[in-house]
Amino acid sequence: MIVMQPVLEMYTPDGFDLWPVAEVEPFDFLPLSGGLSPAEVGSAVMRIASCNDAVPDGDGPPRPVDALGSFLHGLLNHDPLFAAGGLRVTDTSTDAVFLPGCCDGLEDWRDWYQFLDGGSLLGFGHDPSSPVAERFGDTLRLTVNADQSDSPVIELSLAELRHLLAGAERDLADFLTLAADWASRHLPGHRAPVTAALARALDLAPRTEPRPDSS
């Protein structure tokens with residue numbers, strides 16, 4: 001069985017206390033879905049915000065002086081946004097795991113659709129790991145590390161890949177719904193802009209753009 005999951009590469013800044021987060025091993029991957037706990041959602045929002053915690057280029061608004069506003073500033077004002085991670089593919093029959101590389105983040109997950117519709121090669125990173133997707137007719141071959149001659153590979157049909165991508169998109173949309181509810185409790189003053197920013201970071205806007213607050 002082959003499983004595809006949208007994942008974030010995690011890292012929690014030292015002393016982070018703006019909202020509750022879950023304990024996740026540094027540089028481990030957190031799968032995104034509608035089944036996360038509130039603390040895991042908090043970790044995911046923290047990670048996406050920290051990926052963009054820099055002063056945006058251009059003539060945008062100044063960085064707020066308060067800790068929360070300062071931390072969210074890049075997330076709310078950067079364009080485009082970045083989310084460390086990508087799509088993880090696991091073949092449960094062989095235990096082969098195709099991990100996201102360093103050059104194609106979670107914000108670029110739709111590159112898989114472009115590859116499906118006409119690409120022949122899709123690279124995700126470089127040393128020390130070079131995951132590569134190659135298309136041979138109606139078959140897709142995922143090489144875990146193209147720099148190793150004996151690298152594990154995962155093979156699947158293009159039809160199966162399309163099905164897996166649809167599932168990954170549902171997972172992302174379910175996470176976004178969960179994050180909107182989480183933000184209404186933990187970031188009530190920033191719920192709408194944070195949810196909209198997450199949708200952009202996950203390349204889900206505008207189809208899953210959150211509805212305006214009813215309050």
# chains A, B, ... in the order shown; residues from 1 in each chain; ligands from 1
$ select_by_dssp --residues "range 25-125 of chain A" --states "helix (DSSP H, G or I)" --output "ChimeraX atom specification"
/A:38-51,67-77,106-108,111-116
$ residues_around --residues "Glu40 in chain A" --least-positions-apart "2" --cutoff "9 Å" --atoms "only C-alpha atoms" --output "number ranges by chain"
A: 20-24, 30, 36-38, 42-45
$ write_last_selection --atoms "N, CA and C atoms" --output "short mmCIF file (atom, residue, chain, number, x, y, z; two decimals), in the first residue's frame"
data_model
loop_
_atom_site.label_atom_id
_atom_site.label_comp_id
_atom_site.auth_asym_id
_atom_site.auth_seq_id
_atom_site.Cartn_x
_atom_site.Cartn_y
_atom_site.Cartn_z
N PRO A 20 0.04 27.39 23.13
CA PRO A 20 0.47 26.00 23.41
C PRO A 20 0.88 25.27 22.14
N VAL A 21 1.98 24.51 22.24
CA VAL A 21 2.45 23.70 21.12
C VAL A 21 2.77 22.30 21.63
N ALA A 22 2.79 21.34 20.71
CA ALA A 22 3.10 19.96 21.05
C ALA A 22 4.61 19.74 21.00
N GLU A 23 5.06 18.73 21.71
CA GLU A 23 6.46 18.34 21.67
C GLU A 23 6.69 17.53 20.39
N VAL A 24 7.51 18.06 19.49
CA VAL A 24 7.85 17.38 18.25
C VAL A 24 9.37 17.40 18.11
N LEU A 30 5.69 16.55 10.71
CA LEU A 30 4.34 16.50 11.27
C LEU A 30 3.34 16.40 10.12
N LEU A 36 -5.50 16.38 13.85
CA LEU A 36 -4.49 16.86 14.79
C LEU A 36 -5.12 17.34 16.09
N SER A 37 -4.36 17.23 17.16
CA SER A 37 -4.77 17.79 18.44
C SER A 37 -4.60 19.31 18.40
N PRO A 38 -5.26 20.06 19.31
CA PRO A 38 -5.06 21.52 19.34
C PRO A 38 -3.59 21.90 19.48
N GLY A 42 -1.32 24.05 16.91
CA GLY A 42 -0.51 25.18 17.36
C GLY A 42 0.92 25.05 16.89
N SER A 43 1.47 23.83 16.92
CA SER A 43 2.83 23.61 16.43
C SER A 43 2.93 23.89 14.94
N ALA A 44 1.94 23.45 14.19
CA ALA A 44 1.97 23.65 12.74
C ALA A 44 1.88 25.14 12.40
N VAL A 45 0.98 25.86 13.07
CA VAL A 45 0.86 27.30 12.81
C VAL A 45 2.16 28.00 13.20
#
$ closest_residue --among "A:Gln5, A:Thr90, A:Asn77, A:Ser157" --to "Val144 in chain A" --atoms "only C-alpha atoms"
A:Thr90
$ residues_around --residues "range 192-204 of chain A" --least-positions-apart "4" --cutoff "10 Å" --atoms "only C-alpha atoms" --output "PyMOL selection string"
chain A and resi 6+44-45+48-49+52+72+74-83+86+105-110+169+172-173+175-184+187-188+208-213
$ residues_around --residues "Ala67 in chain A" --least-positions-apart "5" --cutoff "12 Å" --atoms "only C-alpha atoms" --output "JSON, numbers by chain"
{"A": [16, 17, 18, 19, 53, 72, 73]}
$ write_last_selection --atoms "N, CA, C and O atoms" --output "mmCIF file, in the first residue's frame"
data_model
loop_
_atom_site.group_PDB
_atom_site.id
_atom_site.type_symbol
_atom_site.label_atom_id
_atom_site.label_comp_id
_atom_site.auth_asym_id
_atom_site.auth_seq_id
_atom_site.Cartn_x
_atom_site.Cartn_y
_atom_site.Cartn_z
ATOM 1 N N PHE A 16 9.590 29.416 23.003
ATOM 2 C CA PHE A 16 8.328 29.837 22.381
ATOM 3 C C PHE A 16 7.182 29.685 23.370
ATOM 4 O O PHE A 16 6.963 28.603 23.917
ATOM 5 N N ASP A 17 6.434 30.769 23.628
ATOM 6 C CA ASP A 17 5.339 30.708 24.600
ATOM 7 C C ASP A 17 4.143 31.548 24.193
ATOM 8 O O ASP A 17 3.337 31.936 25.033
ATOM 9 N N LEU A 18 3.995 31.824 22.893
ATOM 10 C CA LEU A 18 2.878 32.658 22.439
ATOM 11 C C LEU A 18 1.562 31.895 22.449
ATOM 12 O O LEU A 18 0.501 32.494 22.545
ATOM 13 N N TRP A 19 1.618 30.571 22.342
ATOM 14 C CA TRP A 19 0.436 29.715 22.452
ATOM 15 C C TRP A 19 0.921 28.284 22.681
ATOM 16 O O TRP A 19 2.098 27.978 22.464
ATOM 17 N N ASP A 53 9.253 34.318 9.357
ATOM 18 C CA ASP A 53 9.522 35.336 10.374
ATOM 19 C C ASP A 53 10.720 36.190 9.964
ATOM 20 O O ASP A 53 11.823 36.055 10.493
ATOM 21 N N LEU A 72 3.926 37.193 14.004
ATOM 22 C CA LEU A 72 3.000 36.935 12.904
ATOM 23 C C LEU A 72 3.234 37.850 11.707
ATOM 24 O O LEU A 72 2.625 37.649 10.645
ATOM 25 N N HIS A 73 4.103 38.847 11.860
ATOM 26 C CA HIS A 73 4.240 39.885 10.841
ATOM 27 C C HIS A 73 4.597 39.311 9.475
ATOM 28 O O HIS A 73 3.970 39.644 8.462
#
$ residues_around --residues "Arg135 in chain A" --least-positions-apart "2" --cutoff "9 Å" --atoms "only C-alpha atoms" --output "PyMOL selection string"
chain A and resi 115-116+119-122+133+137-142+158
$ atom_distance --atom1 "CA of Ala146 in chain A" --atom2 "CA of Ser130 in chain A"
5.3 Å
$ select_by_dssp --residues "chain A" --states "strand (DSSP E or B)" --output "PyMOL selection string"
chain A and resi 2-9+29-31+85-91+96-98+121-123+132-136+139-143+153-157
$ closest_residue --among "A:Glu160, A:Glu9, A:Asp28, A:Asp14" --to "Cys51 in chain A" --atoms "only C-alpha atoms"
A:Glu9
$ closest_residue --among "A:Pro64, A:Gly35, A:Gly189, A:Gly118" --to "Asp171 in chain A" --atoms "only C-alpha atoms"
A:Gly35
$ atom_distance --atom1 "CA of Tyr11 in chain A" --atom2 "CA of Pro26 in chain A"
4.8 Å
